[in-house]
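For reference, the structure discussed in these notes is given below.
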Amino acid sequence: MQRKVAVVAQKQINSADVGMPRERMLYELVKSLYEEVGISRDDIDTFVLCSNDFNAGHTISNVFEDCPVGAYMKDETKVEADGVWAATYALARILSGLYETALVVGNSQGGSVMRPYLMMDYQLAPVYDRQLGLLNELSAAGLQAHAFLAKKGLTPDTLDEIAARNLADAAKNPDAFNGKAGASAADVAATDMLYEPLRKGHCYPFTDGACALLIASEEKAKKLTDRPAWIRGVGDSIDTYYPERDVVDVKSVKLAGERAAAMAGIGLKDLDLVELSAKFAHQEPILLEGLGLPADGGAASVSPSGGAFGAYAFNAAGLVRIAECFKQLTGSAGDTQVEGAGYALAHGQDGLCMQHNAVMIMSSEEG
Amino acid sequence: MIMSNVAIAGVGYTPVFVSKRKDVNIAEMISESVATALENTGLTPDDIDAVTFGNMQTFEGLNMPHLWSAEHILAVDKPTIRISTGGTTGMSTLQAAYYYVASGLYDIVMAVSWEKQSEGDSQVGLAGIVMPEAMVMVQHGLDLFGGGGLSAMGGGSTGAASFQAMSYLHHSGADPEHIDKMAALERSNAALNPYAHLRKKTSVEDIQATPFIAWPLRFGHTCPTSDGATTCIVMSEEKVRKMTDGNVAWITGLGSATSDPSTANFLEGQLTDPAEQEPARIASAKAYKMAGIKDPSRELDMAEMYNGFAHQSLMWLEKLGCCKEGEAHKLLDAGALNIDGEIPTNASGGVFSTNAIGASAMNRPAECALQIMGKIEGGHKIPKKIRKAVSHGWGGMFQYVTVMVLADEPMKS
Amino acid sequence: MAYNKDLETREVQATWDVTTYQYKLDGRGAKVLADGMKEKTIRGIKCPQCGRVYVPGPTYCRVCYIDIDDVVDCSDEGVVMSYCIEMADVRGNPMDEHRVSAMIKFDGADTWFIGTVHGIDPMDVKIGMKVKAIWKDVTEGNLGDIQRFEPV
């Protein structure tokens, strides 16, 4: 990379129902970030918002989001994807040399405002899948889960165990809301069956949430904090539309991971932790395999924050994964802290059965 | 500090921009512009490092359509990002491609923007900007179809544009006839442009024969809704040297800025005059500084403005510093805005004549690039050497502006 | 790859149903304003830092980026900041009776408010003109309490 860039601060809010309009939610979140870092909105060179018209239920969703984040009369743009893409774009803006600081803010209110799984219905190919009405996010995930279990010769017990571990981890993370202390596989297996083999406990929770990241150039980052987390590599890749591809051996995960690792100059096996946006339990091993890691992560802790099981607000989710990596790399992850975390990978996804994947590799040391 | 020079190496339009493409679906239509862009630059799909993609998704009711159309935009296995900022989407998507290249992350990026308005309802799409806010006011007794409600908003954006036009006329000293004249000029320009939608030589009398929607705006002052797509190939300086003949358009300045969602802020009080457009000043000042332009009124050779309504070209010329406040209509009267004038303005016919909305703000810099490269097809080719050009996008709810300055030479490092 | 205007693809229908959302919106400013109208008063929220008065008021000042909640009364007279004369309805059909829609800044406020201006030939309306709110005889505490505006 032609400049060094770091994440300087993070703030996140996650809830089943945040009880506030999104404008107020964003204002309170971003204001608290400014206060914590000791800056004002004047110190932000560029704002990269991350939201989606269908999630917000508003055409041009950033119209009412720019003032709440402090962008009045300021440079601003909007990414309509998962938050990892927005953070990647903010990184590109700083790397260009035109900006020193960028505030990335993603949000949606999937817990209380929009109908569950709505956004995926509108993602279906309009001329076929949407007309047939057979596919939705859950049915597609169910097909993927079956394909995965069949290919690996596993039973749904595996899904229960994955979900339980994530839910138990999430209970230790104060930024997650959907944790369950000491959750067991039996607890998950007792939840309602939605689309066989997927139970409620295997799925991400409907979430109202927002996440703000302050990203800065080396010079600025060192002025703003003693403990930045350095962005070392990014990578993303898109697959063909569902179902015209292998949904178990996901090529875009592999390509995204390889690209980011090459940029960072490390091997993915050097990672100390990965924060994955596995929206459904079976997606965690699929992602790990795509990244070339063993099913238990090997040397890397897998989503110590509880991952997507702790909270999953669309558009904010990928930023939350980066924020969790930031917490780990700066030693501020509390009860979920991975000792000596030096390299971390954050993952975000879009599309049916993880069609589009993006990752960001970060480090505690400047490199 | 600019770390590297970035250029538009080529442009691809759909074969036509028309009100309804019945022969192709959305993905097929977008792929036409992608294929044309590759053909025009002599590149293969493997040469493309990454794709930026944008449209206004609620207009067609499709969430994140790059997922469905990934193969048609040749994005499969490539980094891809979706950008959407309303009317400015096209330029925001191109700016993302600029930053992707300027960052050093990628060398050749394809920026794709489009709209197929015939497959959606743009009035529903526009109403969706403020519908929930308006409904709260209805709960508090607002008469949606009375004088304070949607009809004043024009059921979309015409009503609010009328407030903007009236305020502009008042403060600039221009007459309503100047709007007619600007409309006639741009429609006549469009008649020369094979990629324009409304292609009919139009007189001031023709415009004045159209009925008023809300005085001072007539039907003849408003843009069409179009189907079409535009793709730009954005390249690093190194790749330009290696892979092209050097005839490219350099992106030397860019900016964007937002204010408050003024004209529709039912719930929170409209703070700014819709004709004030401070974001245009902020974004253009930044772009000019970056491009080393000290006096845009003397240094620019052409302008491509985002004008959903005919009065806006005049307004933007002033806000972007192409002339002093209140002087755009004098330039119009003097013929300076004509294709062969001093500062040809919307030689393409503008958004006013062609509006595939997601692509509209990309067509502005694309037209500048083609003029700079001397690759304009059609009679709207400006008969002088274009060295520096300003392009502009406008959207959000009247409050969001993007600017891009293009030039025939890169900035010296 | 050329445009074939005679070739027709099949058309299918799909909708975007905004009624499936349970929107949450800040209603305080609108309520302050509507409640004040019962007393024939225009109420806004003032920013203590920059002094701007918003009608209706948001919960924070967009410029100063601080929370605001000082309710202040404004005059029910104001100035026409801009206007248009509606001559066609939302569907584009000509209207028999033309109507002036105006953006009005109440004295003491910094934001624009929408209303109709009557009691004057539409072509005589001017930006900068003083107008006053004409209230219903019996107000109900909602935005319909202002029937119209008339020149002062």
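Residues are referred to by chain and number: the chain letter is A, B, ... according to the order shown in the structure tokens, the number counts from 1 in that chain, and ligands are numbered separately from 1 in the order shown.
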Residues of chain C within 7 Å of chain B, counting only C-alpha atoms, as a PyMOL selection string: chain C and resi 1-5+7-9+15-16+23+29-30+34+54-58+82-90+92+101+110-112+114-116+142-144
Interface, chain A side, toward chain C (9 Å; only C-alpha atoms) as a ChimeraX atom specification: /A:19-24,27,31,40-41,54,56-58,67-73,112-115,118,122,126-127,130-131
Those in range 93-186 of chain A with alpha helix (DSSP H) from DSSP, as an MDAnalysis selection string: chainID A and resid 93:95 118:121 129:132 137:152 157:171 185:186
Within 6 Å of chain A: residues of chain B, using only C-alpha atoms, as a ChimeraX atom specification: /B:1-3,62-63,67-68,70,76-79,82-86,99-100,102-103,128-129,256-259,396
I need the residues from that last selection saved to file as a CSV table (one decimal), in the first residue's frame (with C-alpha atoms), if you can.
chain,number,residue,atom,x,y,z
B,1,MET,CA,-1.6,15.5,-2.1
B,2,ILE,CA,-2.4,13.5,-5.2
B,3,MET,CA,-0.4,10.3,-5.2
B,62,LEU,CA,-34.3,-4.6,-7.3
B,63,ASN,CA,-32.0,-4.8,-4.3
B,67,LEU,CA,-25.5,-9.7,-7.6
B,68,TRP,CA,-28.0,-10.9,-10.2
B,70,ALA,CA,-22.6,-10.2,-12.0
B,76,VAL,CA,-17.3,-12.6,-11.7
B,77,ASP,CA,-14.2,-13.3,-9.6
B,78,LYS,CA,-13.3,-9.6,-9.5
B,79,PRO,CA,-13.5,-7.1,-6.6
B,82,ARG,CA,-21.9,-1.0,-5.3
B,83,ILE,CA,-22.3,2.8,-4.9
B,84,SER,CA,-25.6,4.7,-4.7
B,85,THR,CA,-26.1,8.3,-3.9
B,86,GLY,CA,-29.4,9.2,-5.7
B,99,TYR,CA,-10.2,6.4,-5.8
B,100,TYR,CA,-9.7,2.6,-6.4
B,102,ALA,CA,-5.6,6.5,-7.2
B,103,SER,CA,-5.2,4.4,-4.1
B,128,GLY,CA,-39.9,6.9,-1.3
B,129,ILE,CA,-37.3,9.5,-0.3
B,256,SER,CA,-18.6,15.9,-3.4
B,257,ALA,CA,-20.6,17.7,-0.7
B,258,THR,CA,-23.9,17.5,1.1
B,259,SER,CA,-26.1,20.0,3.0
B,396,GLY,CA,-30.1,13.5,-2.9
Atomic separation - CA of Pro228 in chain A relative to CA of Val37 in chain A, Å: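 About the pair CA of Val37 in chain A and CA of Pro228 in chain A: they are 11.8 Å apart.
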Shell around Gln12 in chain A at 7 Å using only C-alpha atoms, local window under 2 positions removed, as a list in words: Gln10, Asn14, Leu29, Asp175, Ala210, Cys211, Ala212 and Val320 of chain A
Between CA of Glu318 in chain B and CA of Thr93 in chain B - distance in Å to one decimal: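 Rounded to one decimal, the two atoms are 25.2 Å apart.
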Residues within 9 Å of range 130-140 of chain C, please, as a PDB file with N, CA and C atoms, in the first residue's frame. Count only C-alpha atoms; anything in the same chain fewer than 5 positions from it doesn't count.
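What landed in out.pdb:
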ATOM      1  N   ALA C  34     -47.431  21.266  16.160  1.00  0.00           N
ATOM      2  CA  ALA C  34     -48.875  21.037  16.057  1.00  0.00           C
ATOM      3  C   ALA C  34     -49.590  21.454  17.344  1.00  0.00           C
ATOM      4  N   ASP C  35     -48.991  21.110  18.500  1.00  0.00           N
ATOM      5  CA  ASP C  35     -49.612  21.488  19.777  1.00  0.00           C
ATOM      6  C   ASP C  35     -49.734  23.006  19.898  1.00  0.00           C
ATOM      7  N   MET C  37     -50.117  25.071  17.614  1.00  0.00           N
ATOM      8  CA  MET C  37     -51.115  25.608  16.693  1.00  0.00           C
ATOM      9  C   MET C  37     -52.494  25.709  17.342  1.00  0.00           C
ATOM     10  N   LYS C  38     -52.713  24.868  18.344  1.00  0.00           N
ATOM     11  CA  LYS C  38     -53.993  24.962  19.056  1.00  0.00           C
ATOM     12  C   LYS C  38     -54.135  26.350  19.659  1.00  0.00           C
ATOM     13  N   GLU C  39     -52.970  26.902  20.083  1.00  0.00           N
ATOM     14  CA  GLU C  39     -52.978  28.264  20.637  1.00  0.00           C
ATOM     15  C   GLU C  39     -52.630  29.308  19.577  1.00  0.00           C
ATOM     16  N   LYS C  40     -52.737  28.923  18.340  1.00  0.00           N
ATOM     17  CA  LYS C  40     -52.438  29.811  17.209  1.00  0.00           C
ATOM     18  C   LYS C  40     -51.034  30.396  17.326  1.00  0.00           C
ATOM     19  N   SER C  75     -43.344  34.312  15.205  1.00  0.00           N
ATOM     20  CA  SER C  75     -44.518  35.032  14.737  1.00  0.00           C
ATOM     21  C   SER C  75     -45.300  34.171  13.750  1.00  0.00           C
ATOM     22  N   ASP C  76     -46.604  34.422  13.635  1.00  0.00           N
ATOM     23  CA  ASP C  76     -47.355  33.732  12.587  1.00  0.00           C
ATOM     24  C   ASP C  76     -47.366  34.557  11.294  1.00  0.00           C
ATOM     25  N   GLU C  77     -46.531  35.604  11.309  1.00  0.00           N
ATOM     26  CA  GLU C  77     -46.289  36.335  10.063  1.00  0.00           C
ATOM     27  C   GLU C  77     -44.901  35.979   9.566  1.00  0.00           C
ATOM     28  N   GLY C  78     -44.741  36.058   8.266  1.00  0.00           N
ATOM     29  CA  GLY C  78     -43.439  35.708   7.725  1.00  0.00           C
ATOM     30  C   GLY C  78     -43.239  36.266   6.335  1.00  0.00           C
ATOM     31  N   VAL C  79     -42.171  35.790   5.704  1.00  0.00           N
ATOM     32  CA  VAL C  79     -41.772  36.300   4.393  1.00  0.00           C
ATOM     33  C   VAL C  79     -41.791  35.157   3.380  1.00  0.00           C
ATOM     34  N   VAL C  80     -42.291  35.447   2.187  1.00  0.00           N
ATOM     35  CA  VAL C  80     -42.252  34.461   1.108  1.00  0.00           C
ATOM     36  C   VAL C  80     -40.818  34.347   0.613  1.00  0.00           C
ATOM     37  N   ILE C 104     -42.363  29.722   3.182  1.00  0.00           N
ATOM     38  CA  ILE C 104     -42.471  30.915   4.028  1.00  0.00           C
ATOM     39  C   ILE C 104     -41.548  30.788   5.231  1.00  0.00           C
ATOM     40  N   PHE C 106     -41.160  32.113   8.799  1.00  0.00           N
ATOM     41  CA  PHE C 106     -41.843  32.874   9.856  1.00  0.00           C
ATOM     42  C   PHE C 106     -40.853  33.842  10.506  1.00  0.00           C
ATOM     43  N   GLY C 115     -46.841  26.453   2.508  1.00  0.00           N
ATOM     44  CA  GLY C 115     -48.247  26.821   2.660  1.00  0.00           C
ATOM     45  C   GLY C 115     -48.779  27.432   1.377  1.00  0.00           C
ATOM     46  N   VAL C 117     -50.827  30.602  -0.560  1.00  0.00           N
ATOM     47  CA  VAL C 117     -51.105  32.038  -0.408  1.00  0.00           C
ATOM     48  C   VAL C 117     -52.359  32.380  -1.204  1.00  0.00           C
ATOM     49  N   ASP C 145     -54.554  23.557  11.095  1.00  0.00           N
ATOM     50  CA  ASP C 145     -55.110  24.753  11.748  1.00  0.00           C
ATOM     51  C   ASP C 145     -54.797  26.021  10.970  1.00  0.00           C
ATOM     52  N   ILE C 146     -53.682  26.014  10.225  1.00  0.00           N
ATOM     53  CA  ILE C 146     -53.434  27.145   9.320  1.00  0.00           C
ATOM     54  C   ILE C 146     -54.175  26.848   8.030  1.00  0.00           C
ATOM     55  N   GLN C 147     -55.216  27.651   7.784  1.00  0.00           N
ATOM     56  CA  GLN C 147     -56.019  27.413   6.573  1.00  0.00           C
ATOM     57  C   GLN C 147     -55.243  27.818   5.335  1.00  0.00           C
ATOM     58  N   ARG C 148     -54.566  28.963   5.456  1.00  0.00           N
ATOM     59  CA  ARG C 148     -53.879  29.532   4.297  1.00  0.00           C
ATOM     60  C   ARG C 148     -53.043  30.701   4.781  1.00  0.00           C
ATOM     61  N   PHE C 149     -52.317  31.300   3.862  1.00  0.00           N
ATOM     62  CA  PHE C 149     -51.616  32.548   4.155  1.00  0.00           C
ATOM     63  C   PHE C 149     -52.203  33.648   3.272  1.00  0.00           C
ATOM     64  N   GLU C 150     -52.151  34.873   3.803  1.00  0.00           N
ATOM     65  CA  GLU C 150     -52.604  36.018   3.012  1.00  0.00           C
ATOM     66  C   GLU C 150     -51.583  37.137   3.159  1.00  0.00           C
ATOM     67  N   PRO C 151     -51.511  38.008   2.160  1.00  0.00           N
ATOM     68  CA  PRO C 151     -50.586  39.149   2.279  1.00  0.00           C
ATOM     69  C   PRO C 151     -50.929  39.994   3.495  1.00  0.00           C
ATOM     70  N   VAL C 152     -49.891  40.539   4.153  1.00  0.00           N
ATOM     71  CA  VAL C 152     -50.122  41.412   5.309  1.00  0.00           C
ATOM     72  C   VAL C 152     -50.623  42.760   4.807  1.00  0.00           C
TER      73      VAL C 152
END
Selected residue, from A:Ala170, A:Ala185, A:Leu224, A:Met360, that lies nearest to Glu100 in chain A when counting only C-alpha atoms: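 Checking each candidate against Glu100 in chain A, we get A:Leu224 as the closest.
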Residue list (strand (DSSP E), DSSP) for range 88-200 of chain A, as a PyMOL selection string: chain A and resi 101-109+193-195+198-199
Atom-to-atom span, CA of Asp17 in chain A and CA of Cys203 in chain A, Å: 17.6 Å
Shell around range 322-333 of chain A at 10 Å using only C-alpha atoms, local window under 3 positions removed, as a PyMOL selection string: chain A and resi 6-12+83-84+87+172-175+211-214+226-231+272-276+303-307+317-319+336-348+359-365
Output C-alpha atoms of each residue in that selection to a file, as an mmCIF file, in the first residue's frame.
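That gives us selection_39.cif:
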data_model
loop_
_atom_site.group_PDB
_atom_site.id
_atom_site.type_symbol
_atom_site.label_atom_id
_atom_site.label_comp_id
_atom_site.auth_asym_id
_atom_site.auth_seq_id
_atom_site.Cartn_x
_atom_site.Cartn_y
_atom_site.Cartn_z
ATOM 1 C CA ALA A 6 -5.127 2.640 10.572
ATOM 2 C CA VAL A 7 -8.422 2.234 12.340
ATOM 3 C CA VAL A 8 -8.345 4.761 15.172
ATOM 4 C CA ALA A 9 -11.644 4.272 16.949
ATOM 5 C CA GLN A 10 -14.867 2.290 16.813
ATOM 6 C CA LYS A 11 -18.348 2.629 18.216
ATOM 7 C CA GLN A 12 -21.221 0.254 17.766
ATOM 8 C CA GLY A 83 -19.714 -2.580 5.768
ATOM 9 C CA VAL A 84 -16.406 -4.207 4.793
ATOM 10 C CA ALA A 87 -14.311 0.454 4.996
ATOM 11 C CA LYS A 172 -19.076 -12.214 26.917
ATOM 12 C CA ASN A 173 -19.167 -9.337 24.441
ATOM 13 C CA PRO A 174 -20.932 -6.227 25.741
ATOM 14 C CA ASP A 175 -21.416 -4.948 22.170
ATOM 15 C CA CYS A 211 -21.257 0.935 13.638
ATOM 16 C CA ALA A 212 -18.876 3.845 13.150
ATOM 17 C CA LEU A 213 -15.175 3.508 12.403
ATOM 18 C CA LEU A 214 -12.690 6.347 12.351
ATOM 19 C CA ASP A 226 -1.667 5.585 21.062
ATOM 20 C CA ARG A 227 -3.214 2.323 19.995
ATOM 21 C CA PRO A 228 -4.342 2.205 16.375
ATOM 22 C CA ALA A 229 -4.977 -1.022 14.483
ATOM 23 C CA TRP A 230 -3.295 -1.017 11.089
ATOM 24 C CA ILE A 231 -5.065 -2.005 7.910
ATOM 25 C CA ASP A 272 -4.450 -14.898 15.355
ATOM 26 C CA LEU A 273 -8.158 -14.484 14.893
ATOM 27 C CA VAL A 274 -10.833 -14.230 12.239
ATOM 28 C CA GLU A 275 -14.110 -12.354 12.701
ATOM 29 C CA LEU A 276 -16.563 -13.973 10.305
ATOM 30 C CA SER A 303 -15.171 -15.047 15.870
ATOM 31 C CA PRO A 304 -14.314 -14.568 19.563
ATOM 32 C CA SER A 305 -16.908 -11.781 19.686
ATOM 33 C CA GLY A 306 -19.676 -14.237 18.899
ATOM 34 C CA GLY A 307 -19.613 -13.181 15.254
ATOM 35 C CA ALA A 317 -22.260 -6.001 10.280
ATOM 36 C CA GLY A 318 -18.975 -5.945 8.350
ATOM 37 C CA LEU A 319 -17.947 -2.788 10.170
ATOM 38 C CA THR A 336 -13.321 -11.979 24.675
ATOM 39 C CA GLN A 337 -9.672 -10.904 24.392
ATOM 40 C CA VAL A 338 -7.366 -13.199 22.435
ATOM 41 C CA GLU A 339 -4.037 -12.895 24.197
ATOM 42 C CA GLY A 340 -1.306 -11.373 22.084
ATOM 43 C CA ALA A 341 -3.493 -10.880 19.026
ATOM 44 C CA GLY A 342 -1.205 -9.560 16.290
ATOM 45 C CA TYR A 343 -3.058 -10.292 13.052
ATOM 46 C CA ALA A 344 -6.811 -10.359 12.558
ATOM 47 C CA LEU A 345 -9.148 -10.800 9.616
ATOM 48 C CA ALA A 346 -12.626 -9.287 9.331
ATOM 49 C CA HIS A 347 -15.136 -10.711 6.853
ATOM 50 C CA GLY A 348 -18.331 -9.432 5.315
ATOM 51 C CA VAL A 359 -12.126 -9.373 3.909
ATOM 52 C CA MET A 360 -9.797 -6.935 5.612
ATOM 53 C CA ILE A 361 -6.581 -7.967 7.370
ATOM 54 C CA MET A 362 -5.395 -5.807 10.252
ATOM 55 C CA SER A 363 -2.410 -5.878 12.572
ATOM 56 C CA SER A 364 -1.456 -4.500 15.955
ATOM 57 C CA GLU A 365 2.019 -3.621 14.734
#
